[in-house]
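*Asks:* Quick one: the structure is below, questions incoming.
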Amino acid sequence: MGEYALRLPGGELAGDCAGILRDPPPLGRGLMRTEYRAARLAVRDMPGMYRFYDWLPVRSVIGTDASPVAFRSERLSRELGVRDLWIGFTGYHPERGAFAKSCSFKELEALPTYSRIGDLGGGTVALASAGNTARAFAQVSGETGRRCVIFVPEGSAGRVRATGDGGYARLFEVRGDYADAIRMAERAASAGGLIPEGGARNVARRDGMGTVLLEGALAMGRLPDRYFQAVGSGTGAISAWEASMRLIGDGRFGDRLPELDLSQNLSFAPMKRAWEAGRREISGEDLETPGAGGAYADVLANRRPPYGAAGGVFDAMSACGGRFYGVSEAEARSAGKLWSSMESASLDPAACVALASLIRAAGDGGISEGERVFLNLTGGGADRAEEDLDLVKIKPEARLGGGETDEEMRRILNE
Ligand SMILES: *Cc1c(COP(=O)(O)O)cnc(C)c1O
């Protein structure tokens, strides 16, 4: 114990490190951050992503093969004309040594979150998600034998699948949209004594995602000059900034923060619009959706990202410098096709958006000669997982109308 401390942006120590999941300070006070005693990154002989144990806010370790991988692709480099290009990938792509069965970097958030729940003495986590977060938590709940309760908007239950024993994940459909599912998860947590997963405020989620850049820095030997990622909440970008500061503190990876090249769907890009207008707050106008149709990568369509909070995306962009890209569906699809013509596992739509942003930047002369580029491909391999793994659909137990009383919630959860 005592390997890390939690500190608020103002510098105030947050006291008991166990508190973060159950009772994190409100977002208005800014994002609490982990300070590790180990200033140098030592790689441990531990399963999967736990090789970065010294920089994860956990004590207990979960047996897993899931870990980010980093590699170069000569073909992609040549195709894009970006000489010093490195790829970070999280998903299921056996030929690249990637075995995250839920097929996205959300598994890197779920694993240390479950470790922390174990460290806290157990409990059941509650979350709302229509996509990759639900799959990741369902997967890890089966692997650990610890329950989770997932609320999904109606119509999206079919996407929640996991290998092995899906019986530990309980799934409820909620009438309405994602915002309604979030409200139900919050209600269930307070009425039913469940642990809210905490989103961006959960240091285990952020430091877990940060391992992608740690893996990259080890492969590259230093920090990149540019960091490309598709963002919805932007938590991954905040994590990359935080991981970069730790790597600079280590002393062996250079002393310059990478610039952040962040991408969103062209059809829904609230952070892009707020950033380009120079605003710290996302306004109603930023949330307007130009044109018809939904977002191509719907995991990126977050209406309430931790953008303006101290230690959030605005601060990350201000510290690192960088830019936002709005990627069209056609660009994303064509990036996905290019990738699939070179690799034996497909990309998640969000990762297609990130690749498309790099293709655009390279084509526009936006990458200087000699710049080292790190492309975080945050998900992929759903096609390979489908072929190789025995994925079981998790069936919803009930459909909730949204008007349930606390008493009714408790009864439903105790069934
Ligand atoms: C959630 C998700 C993202 C966006 O992550 P942020 O939380 O915004 O950093 C990107 N790609 C995939 C595959 C995701 O599941």
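Ordered as shown in the structure tokens, chains take letters A, B, and onward, while each chain numbers its residues from 1 and ligands are numbered from 1 in the order shown.
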Check range 62-180 of chain A with DSSP on the backbone and list each residue it calls alpha helix (DSSP H), as number ranges by chain.

*Replies:* A: 74-80, 106-119, 132-144, 178-180

*Asks:* At a cut-off of 10 Å, using only C-alpha atoms, what residues contact range 277-279 of chain A? Leave out same-chain residues fewer than 5 positions from it and give the result as number ranges by chain.

*Replies:* A: 271-272, 286, 308, 314

*Asks:* Using DSSP assignments from the backbone, pull out every residue in range 189-320 of chain A that falls under strand (DSSP E) and give it to me as JSON, numbers by chain.

*Replies:* {"A": [195, 196, 226, 227, 228, 229, 230, 259, 260, 261, 262, 263, 264, 265]}

*Asks:* Which protein, DNA or RNA residues have an atom within 6 Å of ligand 1, counting only C-alpha atoms and all ligand atoms, as number ranges by chain?

*Replies:* A: 104, 106, 132, 230-237, 299-300, 348, 350-351, 378-379

*Asks:* Write out as a list in words which residues come within 9 Å of Leu76 in chain A when counting only C-alpha atoms, dropping same-chain ones fewer than 6 positions away.

*Replies:*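 Contacts, in chain order: Val82, Leu85, Leu338, Trp339 and Met342 of chain A.
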
*Asks:* Could you dump the residues just selected with C-alpha atoms as a PDB file, in the first residue's frame?

*Replies:*
ATOM      1  CA  VAL A  82       4.198   9.371 -42.972  1.00  0.00           C
ATOM      2  CA  LEU A  85       4.338   6.319 -37.891  1.00  0.00           C
ATOM      3  CA  LEU A 338      -7.681   0.740 -46.423  1.00  0.00           C
ATOM      4  CA  TRP A 339      -6.914  -0.824 -43.042  1.00  0.00           C
ATOM      5  CA  MET A 342      -3.582  -4.496 -45.028  1.00  0.00           C
TER       6      MET A 342
END

*Asks:* Find the residues of range 239-347 of chain A that sit at most 8 Å from range 357-362 of chain A; for each, write down the nearest two atoms and how far apart they are in Å, to one decimal. Count only C-alpha atoms. Sort by chain, then by number going up, and give it as a Markdown table.

*Replies:*
| residue | atom | partner | partner_atom | distance |
| --- | --- | --- | --- | --- |
| A:Ser263 | CA | A:Ser357 | CA | 6.4 |
| A:Tyr325 | CA | A:Ser357 | CA | 6.2 |
| A:Gly326 | CA | A:Ser357 | CA | 7.9 |
| A:Val327 | CA | A:Ser357 | CA | 6.5 |
| A:Ala335 | CA | A:Ile359 | CA | 7.7 |

*Asks:* Using the selection just defined, write its residues with N, CA, C and O atoms as a short mmCIF file (atom, residue, chain, number, x, y, z; two decimals), in the first residue's frame.

*Replies:*
data_model
loop_
_atom_site.label_atom_id
_atom_site.label_comp_id
_atom_site.auth_asym_id
_atom_site.auth_seq_id
_atom_site.Cartn_x
_atom_site.Cartn_y
_atom_site.Cartn_z
N SER A 263 -10.22 13.58 -33.08
CA SER A 263 -11.22 13.55 -34.14
C SER A 263 -12.59 13.17 -33.62
O SER A 263 -12.72 12.40 -32.67
N TYR A 325 -10.46 17.38 -35.68
CA TYR A 325 -10.88 17.06 -37.05
C TYR A 325 -12.35 16.60 -37.01
O TYR A 325 -12.73 15.88 -36.10
N GLY A 326 -13.12 17.03 -37.97
CA GLY A 326 -14.46 16.48 -38.15
C GLY A 326 -14.40 15.54 -39.35
O GLY A 326 -14.09 15.96 -40.46
N VAL A 327 -14.69 14.26 -39.11
CA VAL A 327 -14.49 13.25 -40.16
C VAL A 327 -15.84 12.81 -40.71
O VAL A 327 -16.76 12.48 -39.95
N ALA A 335 -11.21 4.87 -44.84
CA ALA A 335 -10.08 4.53 -43.96
C ALA A 335 -10.19 3.07 -43.49
O ALA A 335 -9.20 2.33 -43.45
#

*Asks:* Report as CSV the residues of range 61-151 of chain A within 10 Å of range 380-400 of chain A, each with its shortest atom pair and distance in Å (one decimal), using only C-alpha atoms, ordered by chain and increasing residue number.

*Replies:*
residue,atom,partner,partner_atom,distance
A:Phe89,CA,A:Gly380,CA,7.9
A:Thr90,CA,A:Gly380,CA,7.0
A:Gly91,CA,A:Gly380,CA,4.9
A:Tyr92,CA,A:Gly381,CA,4.6
A:His93,CA,A:Gly381,CA,5.6
A:Pro94,CA,A:Arg384,CA,8.4
A:Ala98,CA,A:Gly381,CA,9.1
A:Phe99,CA,A:Ala385,CA,9.1
A:Ala100,CA,A:Gly381,CA,9.0
A:Lys101,CA,A:Ala385,CA,6.7
A:Ser102,CA,A:Ala382,CA,7.9
A:Cys103,CA,A:Gly380,CA,5.4
A:Ser104,CA,A:Gly380,CA,6.3
A:Phe105,CA,A:Gly380,CA,9.3
A:Arg135,CA,A:Ile394,CA,9.6
A:Ala138,CA,A:Ile394,CA,8.5
A:Gln139,CA,A:Leu391,CA,9.8
A:Ile150,CA,A:Pro396,CA,9.2
A:Phe151,CA,A:Pro396,CA,9.1

*Asks:* Take the residues just selected and output them with C-alpha atoms as a PDB file, in the first residue's frame.

*Replies:*
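out04.pdb, freshly written:
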ATOM      1  CA  PHE A  89      -3.994  -0.921 -31.030  1.00  0.00           C
ATOM      2  CA  THR A  90      -6.418  -2.383 -28.520  1.00  0.00           C
ATOM      3  CA  GLY A  91      -8.835  -5.058 -29.625  1.00  0.00           C
ATOM      4  CA  TYR A  92      -8.787  -8.623 -30.870  1.00  0.00           C
ATOM      5  CA  HIS A  93      -6.103  -9.115 -33.506  1.00  0.00           C
ATOM      6  CA  PRO A  94      -4.153 -12.311 -32.767  1.00  0.00           C
ATOM      7  CA  ALA A  98      -3.848  -8.242 -29.296  1.00  0.00           C
ATOM      8  CA  PHE A  99      -6.335 -10.252 -27.250  1.00  0.00           C
ATOM      9  CA  ALA A 100      -8.873  -7.835 -25.752  1.00  0.00           C
ATOM     10  CA  LYS A 101     -11.965  -9.969 -26.324  1.00  0.00           C
ATOM     11  CA  SER A 102     -14.439  -7.102 -26.038  1.00  0.00           C
ATOM     12  CA  CYS A 103     -12.564  -5.466 -28.927  1.00  0.00           C
ATOM     13  CA  SER A 104     -11.868  -1.964 -27.611  1.00  0.00           C
ATOM     14  CA  PHE A 105      -9.733   0.003 -25.178  1.00  0.00           C
ATOM     15  CA  ARG A 135     -19.137  -5.147 -23.670  1.00  0.00           C
ATOM     16  CA  ALA A 138     -19.640  -7.640 -19.224  1.00  0.00           C
ATOM     17  CA  GLN A 139     -16.469  -9.412 -20.370  1.00  0.00           C
ATOM     18  CA  ILE A 150     -25.765  -2.486 -17.228  1.00  0.00           C
ATOM     19  CA  PHE A 151     -28.474  -0.121 -18.432  1.00  0.00           C
TER      20      PHE A 151
END

*Asks:* Could you check the closest approach to Tyr114 in chain A for each of A:Gly48, A:Gly251, A:Gly131, A:Gly208 and tell me which residue wins, using only C-alpha atoms?

*Replies:*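 Residue with the minimum atom-to-atom distance to Tyr114 in chain A: A:Gly208.
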